[in-house]
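Asks: The structure file final_32.txt (compact mmCIF, C-alpha atoms) is provided below.
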```
# COMPACT_ATOMS: atom_id res chain seq x y z
CA MET K 73 172.87 200.82 6.20
CA PRO K 74 173.08 201.67 2.49
CA HIS K 75 170.71 204.53 3.25
CA ASP K 76 173.24 206.03 5.67
CA ASP K 77 175.96 205.78 3.06
CA ALA K 78 173.68 207.54 0.60
CA THR K 79 172.97 210.38 3.03
CA GLN K 80 176.66 210.71 3.71
CA ALA K 81 177.53 210.93 0.01
CA VAL K 82 174.84 213.57 -0.55
CA GLU K 83 175.93 215.59 2.48
CA LEU K 84 179.56 215.42 1.36
CA TYR K 85 178.54 216.67 -2.08
CA LEU K 86 176.47 219.51 -0.63
CA SER K 87 179.19 220.56 1.81
CA ARG K 88 181.65 220.80 -1.08
CA LEU K 89 179.14 222.94 -2.96
CA ARG K 90 178.56 225.11 0.11
CA LYS K 91 182.29 225.53 0.63
CA GLY K 92 182.73 226.60 -2.99
CA LEU K 93 179.95 229.17 -2.59
CA ARG K 94 181.44 230.86 0.51
CA GLY K 95 182.04 234.09 -1.43
CA LEU K 96 178.27 234.57 -1.79
CA PRO K 97 175.92 236.15 0.77
CA ALA K 98 174.63 233.52 3.21
CA PRO K 99 170.94 233.65 2.10
CA ASP K 100 171.91 233.10 -1.57
CA ARG K 101 174.22 230.26 -0.58
CA ASP K 102 171.53 228.53 1.49
CA ASP K 103 169.03 229.00 -1.32
CA ILE K 104 171.28 227.32 -3.89
CA VAL K 105 172.30 224.45 -1.62
CA GLU K 106 168.70 223.75 -0.57
CA GLU K 107 167.52 223.74 -4.16
CA ILE K 108 170.23 221.30 -5.22
CA ARG K 109 169.53 219.18 -2.12
CA GLY K 110 165.85 218.90 -3.03
CA HIS K 111 166.77 217.97 -6.59
CA VAL K 112 169.22 215.28 -5.53
CA LEU K 113 166.95 213.73 -2.88
CA GLU K 114 163.94 213.63 -5.17
CA ARG K 115 166.01 212.07 -7.95
CA ILE K 116 167.31 209.43 -5.52
CA GLU K 117 163.86 208.69 -4.08
CA SER K 118 162.23 208.40 -7.50
CA GLY K 119 164.92 205.92 -8.54
CA GLY K 120 163.50 203.13 -6.33
CA THR K 121 166.16 201.15 -4.48
CA VAL K 122 168.79 203.34 -2.95
CA THR K 123 172.22 201.98 -3.77
CA PRO K 124 175.57 203.77 -3.59
CA GLN K 125 175.79 203.44 -7.37
CA ALA K 126 172.38 205.04 -7.88
CA VAL K 127 173.35 207.94 -5.61
CA ASP K 128 176.63 208.32 -7.45
CA THR K 129 174.81 208.47 -10.79
CA VAL K 130 172.46 211.18 -9.52
CA LEU K 131 175.31 213.30 -8.13
CA ARG K 132 177.35 212.87 -11.31
CA ALA K 133 174.42 214.09 -13.41
CA VAL K 134 174.16 217.27 -11.33
CA GLY K 135 177.81 217.93 -12.09
CA ASP K 136 181.06 218.63 -10.28
CA PRO K 137 180.19 220.69 -7.16
CA ASP K 138 183.39 222.76 -7.29
CA GLN K 139 182.82 223.71 -10.91
CA LEU K 140 179.16 224.52 -10.28
CA ALA K 141 180.14 226.71 -7.31
CA ARG K 142 182.73 228.53 -9.42
CA GLN K 143 180.12 229.28 -12.06
CA TYR K 144 177.75 230.68 -9.45
CA GLY K 145 180.66 232.70 -8.05
CA THR K 146 181.58 234.21 -11.42
CA ASP K 147 177.94 235.08 -12.07
CA ALA K 148 177.53 236.80 -8.72
CA MET K 149 180.82 238.66 -9.15
CA LEU K 150 179.94 239.95 -12.62
CA ARG K 151 176.45 240.96 -11.54
CA HIS K 152 177.93 242.90 -8.64
CA ALA K 153 180.57 244.56 -10.83
CA VAL K 154 178.24 245.59 -13.65
CA ALA K 155 176.63 248.16 -11.32
CA SER K 156 179.94 249.35 -9.90
CA ARG K 157 182.09 252.40 -10.72
CA SER K 158 185.07 251.22 -8.70
CA PRO K 159 188.12 250.57 -10.91
CA TRP K 160 189.53 248.33 -8.21
CA LEU K 161 186.41 246.11 -8.16
CA LEU K 162 186.22 246.05 -11.97
CA LEU K 163 189.90 245.07 -12.20
CA ARG K 164 189.50 242.31 -9.61
CA THR K 165 186.38 241.04 -11.32
CA THR K 166 187.92 240.97 -14.79
CA ALA K 167 191.01 239.26 -13.32
CA GLY K 168 188.77 236.51 -11.98
CA TRP K 169 186.82 236.38 -15.23
CA ALA K 170 190.03 236.20 -17.30
CA ARG K 171 190.86 232.87 -15.69
CA ARG K 172 187.68 231.42 -17.21
CA GLY K 173 188.12 232.36 -20.84
CA ALA K 174 189.14 234.59 -23.70
CA ALA K 175 186.35 237.17 -23.28
CA GLY K 176 187.46 237.72 -19.69
CA LEU K 177 191.06 238.12 -20.80
CA VAL K 178 190.06 240.78 -23.34
CA ALA K 179 188.15 242.64 -20.60
CA LEU K 180 191.12 242.39 -18.23
CA LEU K 181 193.60 243.71 -20.81
CA LEU K 182 191.24 246.56 -21.64
CA ALA K 183 190.85 247.41 -17.96
CA LEU K 184 194.61 247.28 -17.35
CA ALA K 185 195.44 249.44 -20.37
CA GLY K 186 192.66 251.95 -19.71
CA TYR K 187 193.18 252.38 -15.98
CA GLY K 188 196.97 252.24 -16.50
CA SER K 189 196.77 255.16 -18.94
CA ALA K 190 194.54 257.08 -16.56
CA LEU K 191 197.04 256.46 -13.77
CA VAL K 192 199.91 257.82 -15.91
CA CYS K 193 197.93 261.00 -16.58
CA TYR K 194 197.11 261.49 -12.90
CA ALA K 195 200.71 260.75 -11.84
CA CYS K 196 202.07 263.33 -14.30
CA ALA K 197 199.57 265.91 -13.08
CA VAL K 198 200.59 265.38 -9.47
CA ALA K 199 204.36 265.15 -10.05
CA LYS K 200 204.64 268.06 -12.50
CA PRO K 201 205.22 270.73 -9.81
CA LEU K 202 207.95 268.52 -8.25
CA PHE K 203 209.90 267.73 -11.48
CA PRO K 204 208.81 270.50 -13.84
CA SER K 205 211.60 269.96 -16.39
CA HIS K 206 211.17 266.19 -16.67
CA LEU K 207 207.41 265.76 -16.90
CA GLY K 208 205.30 266.94 -19.77
CA MET K 209 203.66 266.21 -23.07
CA TRP K 210 206.61 265.50 -25.35
CA VAL K 211 206.68 265.53 -29.14
CA THR K 212 209.50 263.63 -30.86
CA PRO K 213 210.68 263.88 -34.50
CA GLU K 214 209.11 260.43 -35.00
CA ARG K 215 205.73 262.19 -34.72
CA THR K 216 204.95 260.52 -31.40
CA VAL K 217 203.35 262.31 -28.48
CA THR K 218 204.21 261.07 -25.01
CA ILE K 219 202.68 262.10 -21.73
CA GLY K 220 205.23 261.21 -19.13
CA TYR K 221 208.90 261.39 -18.13
CA PHE K 222 211.84 262.61 -20.21
CA SER K 223 215.38 262.50 -18.74
CA GLY K 224 216.52 265.55 -20.71
CA ARG K 225 219.66 263.85 -22.17
CA LEU K 226 219.68 262.58 -25.77
CA PRO K 227 219.39 259.92 -27.07
CA SER K 228 216.72 259.04 -24.55
CA GLU K 229 213.74 256.85 -23.92
CA LEU K 230 210.46 258.43 -22.96
CA MET K 231 208.42 256.82 -20.21
CA GLY K 232 204.66 257.04 -19.96
CA LEU K 233 201.77 256.95 -22.40
CA SER K 234 202.88 257.29 -26.03
CA VAL K 235 200.59 257.83 -28.98
CA GLY K 236 201.72 257.89 -32.58
CA PRO K 237 202.35 255.89 -35.75
CA THR K 238 205.90 254.82 -34.82
CA ALA K 239 204.91 253.83 -31.31
CA GLY K 240 202.58 251.26 -32.84
CA LEU K 241 199.58 253.50 -32.14
CA VAL K 242 199.59 253.43 -28.34
CA VAL K 243 202.31 252.32 -25.93
CA LEU K 244 202.03 252.21 -22.19
CA GLY K 245 205.59 252.06 -20.85
CA THR K 246 208.80 253.18 -22.54
CA PHE K 247 209.08 254.53 -26.06
CA GLY K 248 212.29 255.16 -27.92
CA PRO K 249 215.15 255.70 -27.94
CA THR K 250 214.71 258.94 -29.80
CA GLN K 251 217.52 261.17 -31.13
CA GLY K 252 215.53 264.32 -30.52
CA PRO K 253 214.95 267.16 -30.64
CA VAL K 254 212.13 266.70 -28.15
CA ARG K 255 209.62 269.52 -27.65
CA GLU K 256 207.32 270.01 -24.70
CA LEU K 257 203.81 271.25 -25.41
CA LEU K 258 201.87 271.93 -22.23
CA GLY K 259 204.16 273.48 -19.63
CA PRO K 260 202.28 274.11 -16.36
CA TRP K 261 199.05 273.20 -18.10
CA LEU K 262 200.07 269.54 -17.74
CA THR K 263 198.51 269.40 -14.28
CA PRO K 264 194.92 270.39 -15.19
CA ALA K 265 195.17 268.56 -18.55
CA GLY K 266 196.43 265.39 -16.82
CA VAL K 267 193.60 265.45 -14.30
CA VAL K 268 190.96 265.90 -16.99
CA ALA K 269 192.51 263.30 -19.32
CA GLY K 270 192.94 260.81 -16.47
CA PHE K 271 189.34 261.27 -15.41
CA LEU K 272 188.00 260.85 -18.95
CA LEU K 273 190.18 257.78 -19.58
CA ALA K 274 189.04 256.15 -16.34
CA LEU K 275 185.43 256.98 -17.14
CA ALA K 276 185.68 255.54 -20.66
CA THR K 277 187.41 252.41 -19.36
CA THR K 278 184.74 251.86 -16.72
CA TRP K 279 182.01 252.30 -19.32
CA CYS K 280 183.66 249.83 -21.75
CA VAL K 281 184.39 247.18 -19.11
CA ARG K 282 180.87 247.41 -17.74
CA ARG K 283 179.49 247.06 -21.27
CA LEU K 284 181.58 243.90 -21.76
CA ILE K 285 180.33 242.47 -18.46
CA ALA K 286 176.71 243.35 -19.26
CA ARG K 287 177.02 241.69 -22.66
CA ARG K 288 178.44 238.59 -21.04
CA LEU K 289 175.60 238.54 -18.47
CA GLN K 290 172.94 238.89 -21.15
CA GLY K 291 174.64 236.34 -23.39
CA ARG K 292 172.31 233.64 -24.59
CA ARG K 293 174.94 231.01 -23.89
CA PRO K 294 174.86 229.53 -20.41
CA GLY K 295 177.92 231.42 -19.51
CA PRO K 296 181.35 230.35 -18.52
CA LEU K 297 180.49 226.70 -18.87
CA ALA K 298 182.30 226.18 -22.15
CA ALA K 299 185.26 228.16 -20.90
CA ALA K 300 185.24 226.44 -17.52
CA ALA K 301 185.17 223.08 -19.27
CA ALA K 302 188.25 224.04 -21.25
CA ALA K 303 190.10 225.26 -18.17
CA PRO K 304 192.37 222.79 -16.37
CA MET C 87 198.06 210.55 -19.27
CA THR C 88 194.55 209.97 -20.46
CA ARG C 89 193.71 209.98 -24.10
CA ASN C 90 191.87 213.23 -23.49
CA ASP C 91 195.11 215.05 -22.68
CA GLY C 92 195.35 218.38 -24.43
CA ALA C 93 191.81 218.11 -25.72
CA LYS C 94 188.92 220.15 -24.38
CA LYS C 95 187.35 218.40 -21.46
CA PRO C 96 183.58 218.24 -21.78
CA PRO C 97 181.61 219.38 -18.73
CA ASP C 98 180.34 216.70 -16.41
CA GLY C 99 177.24 214.96 -17.64
CA GLU C 100 178.04 215.73 -21.24
CA LYS C 101 179.17 213.11 -23.66
CA PRO C 102 182.74 213.42 -24.89
CA ALA C 103 182.27 214.59 -28.42
CA GLY C 104 184.06 214.84 -31.71
CA GLN C 105 183.70 217.86 -33.96
CA ASP C 106 180.04 217.16 -34.79
CA GLY C 107 179.29 216.52 -31.13
CA GLY C 108 180.93 219.83 -30.18
CA TRP C 109 178.72 221.66 -32.64
CA GLU C 110 175.65 219.85 -31.37
CA ALA C 111 176.52 220.66 -27.75
CA GLN C 112 176.92 224.35 -28.65
CA LEU C 113 173.61 224.34 -30.46
CA ARG C 114 171.88 222.78 -27.45
CA ARG C 115 173.51 225.19 -25.05
CA GLY C 116 172.59 228.13 -27.22
CA SER C 117 168.92 227.21 -27.21
CA LEU C 118 168.81 226.25 -23.53
CA GLU C 119 167.49 229.59 -22.29
CA LEU C 120 164.68 229.52 -24.83
CA ALA C 121 163.85 225.93 -23.86
CA ILE C 122 163.74 226.79 -20.14
CA LEU C 123 161.57 229.88 -20.65
CA ALA C 124 159.27 227.98 -23.02
CA SER C 125 158.82 225.15 -20.51
CA LEU C 126 157.35 227.75 -18.12
CA TRP C 127 154.76 229.06 -20.61
CA ASN C 128 151.46 229.35 -18.72
CA ARG C 129 152.56 227.18 -15.81
CA ARG C 130 154.61 227.08 -12.64
CA LEU C 131 157.25 224.39 -12.38
CA TYR C 132 160.07 223.55 -9.99
CA GLY C 133 163.58 222.66 -11.14
CA LEU C 134 163.14 218.93 -11.60
CA GLU C 135 159.88 219.40 -13.53
CA ILE C 136 161.60 221.85 -15.88
CA LEU C 137 164.37 219.32 -16.32
CA ARG C 138 161.86 216.58 -17.19
CA ALA C 139 160.18 218.87 -19.71
CA LEU C 140 163.59 219.48 -21.30
CA GLU C 141 164.55 215.80 -21.18
CA SER C 142 161.47 214.89 -23.21
CA THR C 143 162.72 217.22 -25.93
CA SER C 144 166.34 216.23 -25.22
CA ALA C 145 167.17 219.92 -25.09
CA LEU C 146 169.57 219.71 -22.17
CA GLY C 147 173.14 219.15 -23.23
CA VAL C 148 174.78 220.21 -19.99
CA ALA C 149 175.17 219.10 -16.38
CA GLU C 150 171.89 219.27 -14.45
CA GLY C 151 173.30 221.75 -11.95
CA THR C 152 173.65 224.24 -14.80
CA LEU C 153 169.86 224.40 -15.01
CA TYR C 154 169.75 225.99 -11.55
CA LEU C 155 172.55 228.37 -12.49
CA ILE C 156 170.57 229.57 -15.51
CA LEU C 157 167.33 229.80 -13.51
CA GLY C 158 169.22 231.99 -11.03
CA ARG C 159 170.45 234.15 -13.90
CA LEU C 160 166.95 234.47 -15.39
CA LYS C 161 165.65 235.48 -11.99
CA ALA C 162 168.37 238.09 -11.57
CA GLU C 163 167.41 239.49 -14.98
CA GLY C 164 163.80 239.66 -13.86
CA LEU C 165 162.55 237.25 -16.54
CA VAL C 166 161.24 234.71 -14.04
CA ASP C 167 159.94 234.91 -10.49
CA ALA C 168 160.39 232.19 -7.91
CA GLU C 169 158.91 231.10 -4.61
CA TRP C 170 159.61 228.32 -2.14
CA VAL C 171 156.61 226.05 -1.56
CA ASP C 172 156.46 223.42 1.19
CA ALA C 173 155.57 220.12 -0.40
CA ARG C 174 153.15 217.94 1.56
CA SER C 175 155.77 215.21 1.66
CA GLY C 176 159.49 215.57 1.40
CA HIS C 177 161.44 218.72 0.66
CA PRO C 178 160.37 222.28 -0.03
CA ARG C 179 160.44 223.08 -3.73
CA LYS C 180 161.32 226.32 -5.46
CA TYR C 181 158.70 227.05 -8.10
CA TYR C 182 159.40 229.30 -11.07
CA TRP C 183 157.07 231.20 -13.37
CA LEU C 184 157.45 233.79 -16.11
CA SER C 185 157.32 237.47 -15.17
CA GLY C 186 155.78 240.05 -17.52
CA PRO C 187 159.13 240.91 -19.13
CA GLY C 188 159.89 237.18 -19.25
CA ARG C 189 156.73 236.51 -21.27
CA ASP C 190 157.62 239.33 -23.68
CA ARG C 191 161.16 238.09 -24.09
CA LEU C 192 159.98 234.52 -24.65
CA ARG C 193 157.49 235.67 -27.30
CA ARG C 194 160.23 237.52 -29.16
CA MET C 195 162.65 234.60 -28.87
CA ALA C 196 160.01 232.15 -30.07
CA LEU C 197 159.27 234.28 -33.13
CA ILE C 198 162.95 234.52 -34.02
CA TRP C 199 163.36 230.79 -33.48
CA ALA C 200 160.36 229.89 -35.64
CA GLU C 201 161.59 232.01 -38.52
CA PHE C 202 165.17 230.83 -38.17
CA SER C 203 164.32 227.13 -37.98
CA ALA C 204 161.85 227.35 -40.89
CA ASN C 205 164.54 228.90 -43.10
CA LEU C 206 167.12 226.38 -42.02
CA ASP C 207 164.70 223.45 -42.46
CA ALA C 208 164.08 224.53 -46.04
CA LEU C 209 167.84 224.66 -46.63
CA VAL C 210 168.71 221.26 -45.19
CA GLU C 211 165.62 219.52 -46.56
CA PRO C 212 167.29 218.43 -49.84
CA VAL C 213 170.25 217.06 -47.89
CA LEU C 214 168.14 214.43 -46.12
CA ASP C 215 166.65 211.40 -47.88
CA ARG C 216 163.05 210.39 -47.33
CA LYS C 217 163.75 208.01 -44.45
CA GLU C 218 165.83 210.56 -42.57
CA ARG C 219 163.18 213.21 -43.09
CA ALA C 220 160.56 210.94 -41.52
CA ARG C 221 162.87 210.16 -38.58
CA ALA C 222 163.64 213.79 -37.79
CA PRO C 223 161.18 214.94 -35.13
CA ARG C 224 158.55 217.39 -36.43
```
Before we go any further, please render this structure as structure tokens.

Replies:
Amino acid sequence: MPHDDATQAVELYLSRLRKGLRGLPAPDRDDIVEEIRGHVLERIESGGTVTPQAVDTVLRAVGDPDQLARQYGTDAMLRHAVASRSPWLLLRTTAGWARRGAAGLVALLLALAGYGSALVCYACAVAKPLFPSHLGMWVTPERTVTIGYFSGRLPSELMGLSVGPTAGLVVLGTFGPTQGPVRELLGPWLTPAGVVAGFLLALATTWCVRRLIARRLQGRRPGPLAAAAAAP
Amino acid sequence: MTRNDGAKKPPDGEKPAGQDGGWEAQLRRGSLELAILASLWNRRLYGLEILRALESTSALGVAEGTLYLILGRLKAEGLVDAEWVDARSGHPRKYYWLSGPGRDRLRRMALIWAEFSANLDALVEPVLDRKERARAPR
């Protein structure tokens, strides 16, 4: 009778673990669950008399199954992403990582800023032929260069990617208002320049984010444990 | 409304700790990979055997499940290899052993550790009195 209770507690624990691991490929999931099962059963058997308390102690020592599954999930996700060139996958991965700690948040902000800037460049390149007088590389008297949208009426805010001392180095969004005069630098060259700049920005962002992920994977510390412990 | 509200919650299986305990836990965690690799020097072990080797040196400061997480990570990095072996009685066991790169990495880590701990030992030596020095292992 107590033996049945013990089996039930172990199976409940393992099913929670398995459920938490559902994002992983089935062979990996089975591998992890079987390894933990062997560990738990051997611990219980070596403990002598099987009581519900003894089983509980063993399961407690292994740790919370949901948390363990989350750690495996983060690991698998990062390992997958580190070999990827897809901005979408890298953004999703860093978003998941950001929920586990400060390093992940840094990576997410970097990814958002980098890919966001690249997107602005691409959007300008594509939209330039449609709104030739409103899109461009604008220079304001505040010595700020903006790639993006200018309404043409002063005073005005500039929308897009701004670089310059008064913009606080780099601003993604609106800059201004400026009193003008506003000069445009590139003319029709905005389209090829935007494509090249967008490509280089995306490439640099991918490289940086992957470096951050690789560093995290090679970290000597057993990973997101400290961060996961601090999370609610 | 527990008294732990707002404070960092320690992972399961880890003692709730004050400031010193937090430092100790970090130190243990930081040396965990070295301890796991070192336990596999010249032998094949399965998870629970590695755990027992670590318990005897009290090197594990984390939940036991974390051991398997780190073993999985070491395997993904190619530092250890693993194989399921059917035990004569009971459950199949996953045995781990060091790969070539794993042995190299462990050698380098061990050298760094030996130098680091020797320097630190020399520094803290005057802080301890004779009794405490005798009590400290090795």

Asks: Just want the 10 Å neighbourhood of Gly164 in chain C, counted on only C-alpha atoms, with same-chain residues fewer than 2 positions away dropped. Output as a tab-separated table (two decimals) with C-alpha atoms, keeping the file's coordinate frame.

Replies:
```
chain	number	residue	atom	x	y	z
C	158	GLY	CA	169.22	231.99	-11.03
C	159	ARG	CA	170.45	234.15	-13.90
C	160	LEU	CA	166.95	234.47	-15.39
C	161	LYS	CA	165.65	235.48	-11.99
C	162	ALA	CA	168.37	238.09	-11.57
C	166	VAL	CA	161.24	234.71	-14.04
C	167	ASP	CA	159.94	234.91	-10.49
C	184	LEU	CA	157.45	233.79	-16.11
C	185	SER	CA	157.32	237.47	-15.17
C	186	GLY	CA	155.78	240.05	-17.52
C	187	PRO	CA	159.13	240.91	-19.13
C	188	GLY	CA	159.89	237.18	-19.25
```

Asks: How far is it from CA of Gly116 in chain C to CA of Glu141 in chain C, in Å with one decimal?

Replies: 15.9 Å

Asks: May I ask which of the residues C:Leu131, C:Leu118, C:Glu150, C:Asp106 is the closest one to chain K, counting all atoms listed in the file?

Replies: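 Among C:Leu131, C:Leu118, C:Glu150, C:Asp106, it is C:Glu150 that comes nearest to chain K.
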
Asks: Determine, counting only C-alpha atoms, which protein, DNA and RNA residues have an atom within 10 Å of an atom of Ser87 in chain K; residues of the same chain fewer than 6 positions away are not included. Present the result as a PyMOL selection string.

Replies: chain K and resi 81+93+105+137

Asks: Enter the distance from CA of Tyr182 in chain C to CA of Thr152 in chain C, in Å, rounded to one decimal.

Replies: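 Atom-to-atom, CA of Tyr182 in chain C to CA of Thr152 in chain C, that is 15.6 Å.
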
Asks: So how many Å separate CA of His177 in chain C and CA of Asp136 in chain K, to one decimal?

Replies: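 We find that CA of His177 in chain C and CA of Asp136 in chain K lie 22.5 Å from each other.
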
Asks: Which residues are near Val171 in chain C? Cut-off 9 Å, all atoms listed in the file, ignore same chain within fewer than 3 positions. Put them as a PyMOL selection string.

Replies: chain C and resi 178-181

Asks: Excluding same-chain residues fewer than 6 positions from Leu182 in chain K, what lies within 12 Å of it counting all atoms listed in the file, as a list in words?

Replies: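 My list of contacting residues is Pro159, Leu162, Leu163, Thr166, Ala167, Ala170, Ala175, Gly176, Gly188, Ser189, Leu273, Ala274, Ala276, Thr277, Thr278, Trp279, Cys280, Val281, Arg282, Arg283 and Leu284 of chain K.
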
Asks: Can you list, as a PyMOL selection string, every protein, DNA or RNA residue that comes within 10 Å of Arg189 in chain C when you count only C-alpha atoms, leaving out same-chain residues fewer than 2 positions away?

Replies: chain C and resi 123-124+126-128+165-166+183-187+191-195

Asks: Please determine, counting all atoms listed in the file, which residue among K:Tyr85, K:Trp261, K:Tyr144, K:Phe271 has the shortest atom-to-atom distance to chain C.

Replies: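 The closest residue to chain C is K:Tyr144.
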
Asks: Counting all atoms listed in the file, which residue out of C:Ala139, C:Ile122, C:Leu214, C:Ala220 sits closest to chain K?

Replies: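 Answer, going by the shortest atom-to-atom distance: C:Ile122.
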
Asks: In terms of the shortest atom-to-atom distance over only C-alpha atoms, which of K:Ser228, K:Thr212, K:Ser234, K:Thr79 is closest to Leu131 in chain K?

Replies: K:Thr79

Asks: Go ahead and find all residues with at least one atom no further than 12 Å from (176.4, 239.5, -0.7) in the file's coordinates, using all atoms listed in the file; report them as a ChimeraX atom specification.

Replies: /K:93-101,145,148-149,151-152

Asks: Give the answer as one residue: which of C:Gly151, C:Glu218, C:Tyr132, C:Gly107 has the shortest atom-to-atom distance to chain K, using only C-alpha atoms?

Replies: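 Answer, going by the shortest atom-to-atom distance: C:Gly151.
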